[in-house]
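Colleague: Provided herewith: data.pdb, PDB, C-alpha atoms, pLDDT in the B column.
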```pdb
ATOM      1  CA  MET A   1     -53.258  22.715  -5.444  1.00 45.00           C
ATOM      2  CA  SER A   2     -54.013  26.013  -3.793  1.00 52.00           C
ATOM      3  CA  GLY A   3     -52.636  27.629  -0.703  1.00 51.00           C
ATOM      4  CA  SER A   4     -52.358  30.926   1.033  1.00 49.00           C
ATOM      5  CA  ASN A   5     -50.599  32.727   3.797  1.00 49.00           C
ATOM      6  CA  SER A   6     -52.039  35.739   5.577  1.00 54.00           C
ATOM      7  CA  GLU A   7     -51.261  38.013   2.629  1.00 82.00           C
ATOM      8  CA  LEU A   8     -50.951  36.060  -0.636  1.00 86.00           C
ATOM      9  CA  VAL A   9     -53.242  33.537  -2.284  1.00 92.00           C
ATOM     10  CA  TYR A  10     -51.748  31.001  -4.714  1.00 93.00           C
ATOM     11  CA  LYS A  11     -53.892  29.218  -7.300  1.00 96.00           C
ATOM     12  CA  GLU A  12     -52.912  26.436  -9.677  1.00 96.00           C
ATOM     13  CA  ASP A  13     -54.814  24.790 -12.511  1.00 97.00           C
ATOM     14  CA  MET A  14     -52.428  22.510 -14.356  1.00 95.00           C
ATOM     15  CA  VAL A  15     -52.788  19.637 -16.788  1.00 94.00           C
ATOM     16  CA  SER A  16     -50.303  16.824 -16.270  1.00 93.00           C
ATOM     17  CA  VAL A  17     -47.567  16.613 -18.909  1.00 92.00           C
ATOM     18  CA  THR A  18     -44.472  14.421 -18.845  1.00 91.00           C
ATOM     19  CA  VAL A  19     -41.399  15.912 -20.501  1.00 91.00           C
ATOM     20  CA  SER A  20     -37.733  15.041 -20.856  1.00 92.00           C
ATOM     21  CA  GLY A  21     -35.084  16.628 -18.657  1.00 93.00           C
ATOM     22  CA  ASP A  22     -33.779  18.632 -21.610  1.00 93.00           C
ATOM     23  CA  PHE A  23     -37.221  20.194 -21.979  1.00 94.00           C
ATOM     24  CA  ALA A  24     -38.048  20.435 -18.267  1.00 96.00           C
ATOM     25  CA  ILE A  25     -34.958  22.438 -17.290  1.00 97.00           C
ATOM     26  CA  PRO A  26     -35.587  25.578 -19.399  1.00 97.00           C
ATOM     27  CA  LEU A  27     -39.321  25.359 -18.635  1.00 97.00           C
ATOM     28  CA  ALA A  28     -38.678  25.163 -14.878  1.00 97.00           C
ATOM     29  CA  LEU A  29     -36.179  28.029 -15.073  1.00 97.00           C
ATOM     30  CA  PHE A  30     -38.756  30.090 -17.008  1.00 98.00           C
ATOM     31  CA  VAL A  31     -41.388  29.529 -14.288  1.00 97.00           C
ATOM     32  CA  THR A  32     -38.832  30.241 -11.554  1.00 96.00           C
ATOM     33  CA  GLU A  33     -37.760  33.536 -13.159  1.00 96.00           C
ATOM     34  CA  VAL A  34     -41.346  34.734 -13.643  1.00 96.00           C
ATOM     35  CA  LEU A  35     -42.358  33.770 -10.093  1.00 94.00           C
ATOM     36  CA  THR A  36     -39.210  35.367  -8.639  1.00 91.00           C
ATOM     37  CA  ASN A  37     -40.092  38.600 -10.437  1.00 90.00           C
ATOM     38  CA  THR A  38     -43.652  38.331  -9.137  1.00 90.00           C
ATOM     39  CA  PHE A  39     -42.610  37.897  -5.513  1.00 86.00           C
ATOM     40  CA  LYS A  40     -39.980  40.612  -5.819  1.00 86.00           C
ATOM     41  CA  HIS A  41     -41.961  43.292  -7.670  1.00 87.00           C
ATOM     42  CA  ALA A  42     -45.713  42.618  -7.680  1.00 90.00           C
ATOM     43  CA  PHE A  43     -46.351  42.882  -3.955  1.00 86.00           C
ATOM     44  CA  PRO A  44     -43.817  45.247  -2.366  1.00 76.00           C
ATOM     45  CA  LEU A  45     -43.685  45.469   1.386  1.00 74.00           C
ATOM     46  CA  GLY A  46     -45.593  42.189   1.742  1.00 73.00           C
ATOM     47  CA  GLY A  47     -48.798  43.466   0.184  1.00 78.00           C
ATOM     48  CA  ALA A  48     -51.803  41.197  -0.260  1.00 86.00           C
ATOM     49  CA  GLY A  49     -52.725  39.686  -3.606  1.00 92.00           C
ATOM     50  CA  THR A  50     -53.227  36.642  -5.781  1.00 95.00           C
ATOM     51  CA  ILE A  51     -50.785  34.689  -7.938  1.00 96.00           C
ATOM     52  CA  SER A  52     -52.191  32.123 -10.347  1.00 97.00           C
ATOM     53  CA  LEU A  53     -50.546  29.479 -12.513  1.00 97.00           C
ATOM     54  CA  SER A  54     -52.337  27.569 -15.224  1.00 98.00           C
ATOM     55  CA  LEU A  55     -51.228  25.092 -17.851  1.00 97.00           C
ATOM     56  CA  THR A  56     -53.781  24.083 -20.448  1.00 97.00           C
ATOM     57  CA  ALA A  57     -53.579  21.959 -23.571  1.00 94.00           C
ATOM     58  CA  SER A  58     -55.187  22.704 -26.906  1.00 93.00           C
ATOM     59  CA  GLY A  59     -54.377  20.352 -29.742  1.00 91.00           C
ATOM     60  CA  ASP A  60     -50.608  20.030 -29.881  1.00 93.00           C
ATOM     61  CA  GLN A  61     -50.057  23.334 -28.014  1.00 96.00           C
ATOM     62  CA  LEU A  62     -49.561  23.998 -24.314  1.00 97.00           C
ATOM     63  CA  HIS A  63     -50.443  27.374 -22.831  1.00 98.00           C
ATOM     64  CA  LEU A  64     -48.775  28.394 -19.561  1.00 98.00           C
ATOM     65  CA  VAL A  65     -50.074  31.511 -17.790  1.00 98.00           C
ATOM     66  CA  ILE A  66     -48.560  33.059 -14.675  1.00 98.00           C
ATOM     67  CA  ALA A  67     -50.603  36.042 -13.506  1.00 98.00           C
ATOM     68  CA  ASP A  68     -50.827  38.325 -10.508  1.00 97.00           C
ATOM     69  CA  ASN A  69     -52.992  41.230  -9.422  1.00 95.00           C
ATOM     70  CA  GLY A  70     -50.030  43.162  -8.044  1.00 94.00           C
ATOM     71  CA  GLU A  71     -48.386  46.460  -8.875  1.00 91.00           C
ATOM     72  CA  GLY A  72     -47.781  45.902 -12.578  1.00 91.00           C
ATOM     73  CA  TYR A  73     -45.258  48.153 -14.297  1.00 87.00           C
ATOM     74  CA  ASP A  74     -44.692  50.412 -17.278  1.00 82.00           C
ATOM     75  CA  ASP A  75     -43.828  47.874 -19.967  1.00 77.00           C
ATOM     76  CA  SER A  76     -41.927  50.356 -22.116  1.00 72.00           C
ATOM     77  CA  SER A  77     -39.202  50.772 -19.485  1.00 62.00           C
ATOM     78  CA  GLU A  78     -38.630  47.017 -18.976  1.00 53.00           C
ATOM     79  CA  SER A  79     -38.460  45.757 -22.557  1.00 59.00           C
ATOM     80  CA  SER A  80     -34.706  45.092 -22.566  1.00 66.00           C
ATOM     81  CA  GLY A  81     -33.969  44.295 -18.923  1.00 80.00           C
ATOM     82  CA  LEU A  82     -31.976  41.235 -17.900  1.00 87.00           C
ATOM     83  CA  GLY A  83     -35.037  39.404 -16.546  1.00 86.00           C
ATOM     84  CA  ARG A  84     -36.981  39.981 -19.773  1.00 89.00           C
ATOM     85  CA  ARG A  85     -34.055  38.769 -21.874  1.00 92.00           C
ATOM     86  CA  LEU A  86     -33.707  35.663 -19.686  1.00 95.00           C
ATOM     87  CA  ILE A  87     -37.427  34.893 -19.998  1.00 96.00           C
ATOM     88  CA  GLN A  88     -37.253  35.280 -23.798  1.00 95.00           C
ATOM     89  CA  SER A  89     -34.126  33.105 -24.016  1.00 97.00           C
ATOM     90  CA  LEU A  90     -35.643  30.298 -21.934  1.00 97.00           C
ATOM     91  CA  ALA A  91     -38.823  30.385 -24.031  1.00 97.00           C
ATOM     92  CA  GLN A  92     -36.763  30.116 -27.217  1.00 97.00           C
ATOM     93  CA  GLN A  93     -35.027  27.018 -25.845  1.00 96.00           C
ATOM     94  CA  ILE A  94     -38.382  25.219 -25.910  1.00 96.00           C
ATOM     95  CA  GLN A  95     -39.448  26.975 -29.122  1.00 96.00           C
ATOM     96  CA  GLY A  96     -42.126  28.929 -27.295  1.00 97.00           C
ATOM     97  CA  GLN A  97     -43.652  32.360 -27.744  1.00 97.00           C
ATOM     98  CA  VAL A  98     -43.940  34.745 -24.784  1.00 97.00           C
ATOM     99  CA  GLU A  99     -46.336  37.604 -24.241  1.00 96.00           C
ATOM    100  CA  ILE A 100     -46.187  39.805 -21.148  1.00 95.00           C
ATOM    101  CA  ILE A 101     -49.192  42.007 -20.469  1.00 94.00           C
ATOM    102  CA  THR A 102     -48.830  44.586 -17.711  1.00 93.00           C
ATOM    103  CA  ALA A 103     -49.593  48.151 -16.729  1.00 91.00           C
ATOM    104  CA  PRO A 104     -49.069  50.164 -13.562  1.00 92.00           C
ATOM    105  CA  GLY A 105     -51.679  49.152 -10.987  1.00 91.00           C
ATOM    106  CA  LYS A 106     -53.085  46.413 -13.248  1.00 93.00           C
ATOM    107  CA  GLY A 107     -50.958  43.378 -12.379  1.00 95.00           C
ATOM    108  CA  THR A 108     -48.887  41.283 -14.755  1.00 96.00           C
ATOM    109  CA  ARG A 109     -49.794  38.322 -16.962  1.00 98.00           C
ATOM    110  CA  THR A 110     -47.028  36.266 -18.560  1.00 98.00           C
ATOM    111  CA  GLU A 111     -48.140  33.801 -21.220  1.00 98.00           C
ATOM    112  CA  LEU A 112     -45.995  31.101 -22.810  1.00 98.00           C
ATOM    113  CA  ILE A 113     -47.322  29.086 -25.732  1.00 98.00           C
ATOM    114  CA  PHE A 114     -45.272  26.115 -26.850  1.00 97.00           C
ATOM    115  CA  ARG A 115     -45.649  22.815 -28.646  1.00 96.00           C
ATOM    116  CA  ASN A 116     -46.470  19.840 -26.455  1.00 94.00           C
ATOM    117  CA  PRO A 117     -43.315  17.717 -26.685  1.00 91.00           C
ATOM    118  CA  ASN A 118     -45.509  14.613 -26.459  1.00 85.00           C
ATOM    119  CA  ALA A 119     -47.672  15.529 -29.459  1.00 80.00           C
ATOM    120  CA  SER A 120     -47.216  12.978 -32.196  1.00 67.00           C
ATOM    121  CA  GLU A 121     -45.906  14.195 -35.500  1.00 48.00           C
ATOM    122  CA  GLN A 122     -48.879  14.647 -37.761  1.00 45.00           C
ATOM    123  CA  VAL A 123     -48.257  13.566 -41.327  1.00 45.00           C
ATOM    124  CA  PRO A 124     -50.768  15.042 -43.771  1.00 48.00           C
ATOM    125  CA  ALA A 125     -52.894  12.422 -45.467  1.00 49.00           C
ATOM    126  CA  VAL A 126     -52.393  12.157 -49.235  1.00 52.00           C
ATOM    127  CA  ALA A 127     -55.684  12.200 -51.118  1.00 51.00           C
ATOM    128  CA  ALA A 128     -56.294   9.169 -53.291  1.00 49.00           C
ATOM    129  CA  GLN A 129     -56.344   9.946 -57.006  1.00 46.00           C
TER     130      GLN A 129
END
```
Go through the file and emit its structure as structure tokens.

Modeller:
Amino acid sequence: MSGSNSELVYKEDMVSVTVSGDFAIPLALFVTEVLTNTFKHAFPLGGAGTISLSLTASGDQLHLVIADNGEGYDDSSESSGLGRRLIQSLAQQIQGQVEIITAPGKGTRTELIFRNPNASEQVPAVAAQ
């Protein structure tokens, strides 16, 4: 699904994954927090830009990316803010790893890598002797 208003363009490229409510809640809150920060900080004064969301699968891993081409920020000054701590906490609830890449004038890219909760447990095969 894609959409736009006169100023912002939204792009989505998502695989379909079914998860339990216990998994969906922290994941949805993670996405909500990142998008809230994007709308609040990336495009001040209603500036134009693009926000993209993607969810891809690779093996038993899912890779969520939320990116914008907005203002960006100096990462060193935001490393312990409330929003950053909330994002890290929500990622930990689904045993995910977060990386935030940003710089002034370069936009922001938030990546979350986590295990697909639907991936079957792989038991290593025992070699015949």

Colleague: Expand the PyMOL selection byres ((chain A and resi 13) around 6) into the explicit residue set it covers here, and present it as a short mmCIF file (atom, residue, chain, number, x, y, z; two decimals) with C-alpha atoms, in the coordinates of the input.

Modeller:
```cif
data_model
loop_
_atom_site.label_atom_id
_atom_site.label_comp_id
_atom_site.auth_asym_id
_atom_site.auth_seq_id
_atom_site.Cartn_x
_atom_site.Cartn_y
_atom_site.Cartn_z
CA GLU A 12 -52.91 26.44 -9.68
CA MET A 14 -52.43 22.51 -14.36
CA SER A 54 -52.34 27.57 -15.22
#
```

Colleague: Might you pull out every residue within 9 Å of Leu35 of chain A, with only C-alpha atoms counted and same-chain residues fewer than 5 positions away left off, and present them as a list in words?

Modeller: Phe30, Lys40, Ile51 and Ile66 of chain A

Colleague: Keeping only C-alpha atoms, write those residues as a short mmCIF file (atom, residue, chain, number, x, y, z; two decimals), keeping the file's coordinate frame.

Modeller:
```cif
data_model
loop_
_atom_site.label_atom_id
_atom_site.label_comp_id
_atom_site.auth_asym_id
_atom_site.auth_seq_id
_atom_site.Cartn_x
_atom_site.Cartn_y
_atom_site.Cartn_z
CA PHE A 30 -38.76 30.09 -17.01
CA LYS A 40 -39.98 40.61 -5.82
CA ILE A 51 -50.78 34.69 -7.94
CA ILE A 66 -48.56 33.06 -14.68
#
```

Colleague: Translate the PyMOL selection byres ((chain A and resi 96) around 12), as applied to the file shown, into an explicit residue set as a count of residues only.

Modeller: 27

Colleague: Could you list the residues chosen by the PyMOL selection byres ((chain A and resi 41) around 12) in this structure as number ranges by chain?

Modeller: A: 33-40, 42-47, 68-73, 83, 104-105, 107-108

Colleague: Do you have the atom CA of Gly21 of chain A-atom CA of Leu55 of chain A distance handy?

Modeller: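 About the pair atom CA of Gly21 of chain A and atom CA of Leu55 of chain A: they are 18.2 Å apart.
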
Colleague: Output segment 108-121 of chain A from the block with all heavy atoms, as a PDB file, in the first residue's frame?

Modeller:
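part03.pdb, freshly written:
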```pdb
ATOM      1  N   THR A 108      16.701   9.431   8.680  1.00  0.00           N
ATOM      2  CA  THR A 108      16.867   8.437   9.741  1.00  0.00           C
ATOM      3  C   THR A 108      16.379   7.092   9.242  1.00  0.00           C
ATOM      4  O   THR A 108      15.362   6.993   8.567  1.00  0.00           O
ATOM      5  CB  THR A 108      16.075   8.844  11.006  1.00  0.00           C
ATOM      6  OG1 THR A 108      16.543  10.125  11.436  1.00  0.00           O
ATOM      7  CG2 THR A 108      16.246   7.849  12.130  1.00  0.00           C
ATOM      8  N   ARG A 109      17.117   6.044   9.593  1.00  0.00           N
ATOM      9  CA  ARG A 109      16.770   4.670   9.232  1.00  0.00           C
ATOM     10  C   ARG A 109      16.819   3.846  10.515  1.00  0.00           C
ATOM     11  O   ARG A 109      17.859   3.749  11.150  1.00  0.00           O
ATOM     12  CB  ARG A 109      17.762   4.143   8.201  1.00  0.00           C
ATOM     13  CG  ARG A 109      17.532   2.720   7.779  1.00  0.00           C
ATOM     14  CD  ARG A 109      18.626   2.309   6.770  1.00  0.00           C
ATOM     15  NE  ARG A 109      18.502   0.932   6.396  1.00  0.00           N
ATOM     16  CZ  ARG A 109      17.850   0.494   5.338  1.00  0.00           C
ATOM     17  NH1 ARG A 109      17.265   1.361   4.545  1.00  0.00           N
ATOM     18  NH2 ARG A 109      17.787  -0.787   5.065  1.00  0.00           N
ATOM     19  N   THR A 110      15.675   3.284  10.882  1.00  0.00           N
ATOM     20  CA  THR A 110      15.588   2.433  12.067  1.00  0.00           C
ATOM     21  C   THR A 110      15.367   1.006  11.593  1.00  0.00           C
ATOM     22  O   THR A 110      14.411   0.731  10.865  1.00  0.00           O
ATOM     23  CB  THR A 110      14.430   2.874  12.978  1.00  0.00           C
ATOM     24  OG1 THR A 110      14.626   4.250  13.324  1.00  0.00           O
ATOM     25  CG2 THR A 110      14.368   2.040  14.238  1.00  0.00           C
ATOM     26  N   GLU A 111      16.262   0.119  11.997  1.00  0.00           N
ATOM     27  CA  GLU A 111      16.188  -1.282  11.587  1.00  0.00           C
ATOM     28  C   GLU A 111      15.979  -2.162  12.816  1.00  0.00           C
ATOM     29  O   GLU A 111      16.642  -1.966  13.828  1.00  0.00           O
ATOM     30  CB  GLU A 111      17.473  -1.705  10.881  1.00  0.00           C
ATOM     31  CG  GLU A 111      17.772  -0.894   9.645  1.00  0.00           C
ATOM     32  CD  GLU A 111      19.026  -1.349   8.918  1.00  0.00           C
ATOM     33  OE1 GLU A 111      19.434  -2.516   9.087  1.00  0.00           O
ATOM     34  OE2 GLU A 111      19.595  -0.525   8.194  1.00  0.00           O
ATOM     35  N   LEU A 112      15.064  -3.109  12.690  1.00  0.00           N
ATOM     36  CA  LEU A 112      14.797  -4.075  13.751  1.00  0.00           C
ATOM     37  C   LEU A 112      14.896  -5.461  13.142  1.00  0.00           C
ATOM     38  O   LEU A 112      14.177  -5.779  12.189  1.00  0.00           O
ATOM     39  CB  LEU A 112      13.391  -3.862  14.345  1.00  0.00           C
ATOM     40  CG  LEU A 112      12.914  -4.891  15.360  1.00  0.00           C
ATOM     41  CD1 LEU A 112      13.791  -4.890  16.611  1.00  0.00           C
ATOM     42  CD2 LEU A 112      11.453  -4.645  15.723  1.00  0.00           C
ATOM     43  N   ILE A 113      15.791  -6.265  13.677  1.00  0.00           N
ATOM     44  CA  ILE A 113      15.941  -7.648  13.222  1.00  0.00           C
ATOM     45  C   ILE A 113      15.513  -8.544  14.371  1.00  0.00           C
ATOM     46  O   ILE A 113      15.979  -8.391  15.505  1.00  0.00           O
ATOM     47  CB  ILE A 113      17.387  -7.943  12.806  1.00  0.00           C
ATOM     48  CG1 ILE A 113      17.786  -7.025  11.649  1.00  0.00           C
ATOM     49  CG2 ILE A 113      17.544  -9.419  12.417  1.00  0.00           C
ATOM     50  CD1 ILE A 113      19.244  -7.117  11.261  1.00  0.00           C
ATOM     51  N   PHE A 114      14.598  -9.466  14.063  1.00  0.00           N
ATOM     52  CA  PHE A 114      14.084 -10.349  15.102  1.00  0.00           C
ATOM     53  C   PHE A 114      13.707 -11.692  14.488  1.00  0.00           C
ATOM     54  O   PHE A 114      13.512 -11.817  13.284  1.00  0.00           O
ATOM     55  CB  PHE A 114      12.891  -9.716  15.828  1.00  0.00           C
ATOM     56  CG  PHE A 114      11.759  -9.291  14.926  1.00  0.00           C
ATOM     57  CD1 PHE A 114      10.632 -10.080  14.782  1.00  0.00           C
ATOM     58  CD2 PHE A 114      11.827  -8.094  14.219  1.00  0.00           C
ATOM     59  CE1 PHE A 114       9.589  -9.688  13.959  1.00  0.00           C
ATOM     60  CE2 PHE A 114      10.796  -7.687  13.393  1.00  0.00           C
ATOM     61  CZ  PHE A 114       9.672  -8.488  13.257  1.00  0.00           C
ATOM     62  N   ARG A 115      13.632 -12.691  15.348  1.00  0.00           N
ATOM     63  CA  ARG A 115      13.305 -14.039  14.904  1.00  0.00           C
ATOM     64  C   ARG A 115      11.831 -14.107  14.542  1.00  0.00           C
ATOM     65  O   ARG A 115      10.979 -13.610  15.271  1.00  0.00           O
ATOM     66  CB  ARG A 115      13.606 -15.040  16.015  1.00  0.00           C
ATOM     67  CG  ARG A 115      13.449 -16.478  15.568  1.00  0.00           C
ATOM     68  CD  ARG A 115      13.933 -17.431  16.657  1.00  0.00           C
ATOM     69  NE  ARG A 115      13.929 -18.781  16.164  1.00  0.00           N
ATOM     70  CZ  ARG A 115      12.846 -19.546  16.038  1.00  0.00           C
ATOM     71  NH1 ARG A 115      11.675 -19.064  16.372  1.00  0.00           N
ATOM     72  NH2 ARG A 115      12.940 -20.774  15.590  1.00  0.00           N
ATOM     73  N   ASN A 116      11.544 -14.729  13.411  1.00  0.00           N
ATOM     74  CA  ASN A 116      10.167 -14.952  12.996  1.00  0.00           C
ATOM     75  C   ASN A 116       9.517 -15.892  14.012  1.00  0.00           C
ATOM     76  O   ASN A 116       9.979 -17.014  14.182  1.00  0.00           O
ATOM     77  CB  ASN A 116      10.136 -15.568  11.593  1.00  0.00           C
ATOM     78  CG  ASN A 116       8.744 -15.736  11.052  1.00  0.00           C
ATOM     79  OD1 ASN A 116       7.771 -15.736  11.791  1.00  0.00           O
ATOM     80  ND2 ASN A 116       8.647 -15.900   9.760  1.00  0.00           N
ATOM     81  N   PRO A 117       8.479 -15.445  14.701  1.00  0.00           N
ATOM     82  CA  PRO A 117       7.875 -16.303  15.723  1.00  0.00           C
ATOM     83  C   PRO A 117       7.221 -17.547  15.135  1.00  0.00           C
ATOM     84  O   PRO A 117       6.914 -18.483  15.872  1.00  0.00           O
ATOM     85  CB  PRO A 117       6.838 -15.396  16.393  1.00  0.00           C
ATOM     86  CG  PRO A 117       6.548 -14.337  15.383  1.00  0.00           C
ATOM     87  CD  PRO A 117       7.800 -14.159  14.590  1.00  0.00           C
ATOM     88  N   ASN A 118       7.054 -17.593  13.827  1.00  0.00           N
ATOM     89  CA  ASN A 118       6.463 -18.758  13.178  1.00  0.00           C
ATOM     90  C   ASN A 118       7.505 -19.739  12.665  1.00  0.00           C
ATOM     91  O   ASN A 118       7.146 -20.794  12.144  1.00  0.00           O
ATOM     92  CB  ASN A 118       5.572 -18.317  12.012  1.00  0.00           C
ATOM     93  CG  ASN A 118       4.432 -17.453  12.490  1.00  0.00           C
ATOM     94  OD1 ASN A 118       3.821 -17.719  13.516  1.00  0.00           O
ATOM     95  ND2 ASN A 118       4.171 -16.383  11.773  1.00  0.00           N
ATOM     96  N   ALA A 119       8.783 -19.392  12.781  1.00  0.00           N
ATOM     97  CA  ALA A 119       9.840 -20.286  12.296  1.00  0.00           C
ATOM     98  C   ALA A 119       9.858 -21.536  13.168  1.00  0.00           C
ATOM     99  O   ALA A 119       9.827 -21.458  14.393  1.00  0.00           O
ATOM    100  CB  ALA A 119      11.186 -19.585  12.336  1.00  0.00           C
ATOM    101  N   SER A 120       9.893 -22.669  12.528  1.00  0.00           N
ATOM    102  CA  SER A 120       9.904 -23.921  13.293  1.00  0.00           C
ATOM    103  C   SER A 120      11.264 -24.093  13.943  1.00  0.00           C
ATOM    104  O   SER A 120      12.287 -23.644  13.440  1.00  0.00           O
ATOM    105  CB  SER A 120       9.601 -25.107  12.376  1.00  0.00           C
ATOM    106  OG  SER A 120      10.591 -25.196  11.362  1.00  0.00           O
ATOM    107  N   GLU A 121      11.243 -24.702  15.089  1.00  0.00           N
ATOM    108  CA  GLU A 121      12.498 -24.990  15.791  1.00  0.00           C
ATOM    109  C   GLU A 121      13.287 -25.985  14.954  1.00  0.00           C
ATOM    110  O   GLU A 121      12.794 -27.036  14.586  1.00  0.00           O
ATOM    111  CB  GLU A 121      12.213 -25.581  17.177  1.00  0.00           C
ATOM    112  CG  GLU A 121      11.573 -24.613  18.131  1.00  0.00           C
ATOM    113  CD  GLU A 121      12.496 -23.461  18.504  1.00  0.00           C
ATOM    114  OE1 GLU A 121      13.722 -23.668  18.579  1.00  0.00           O
ATOM    115  OE2 GLU A 121      11.982 -22.352  18.704  1.00  0.00           O
TER     116      GLU A 121
END
```
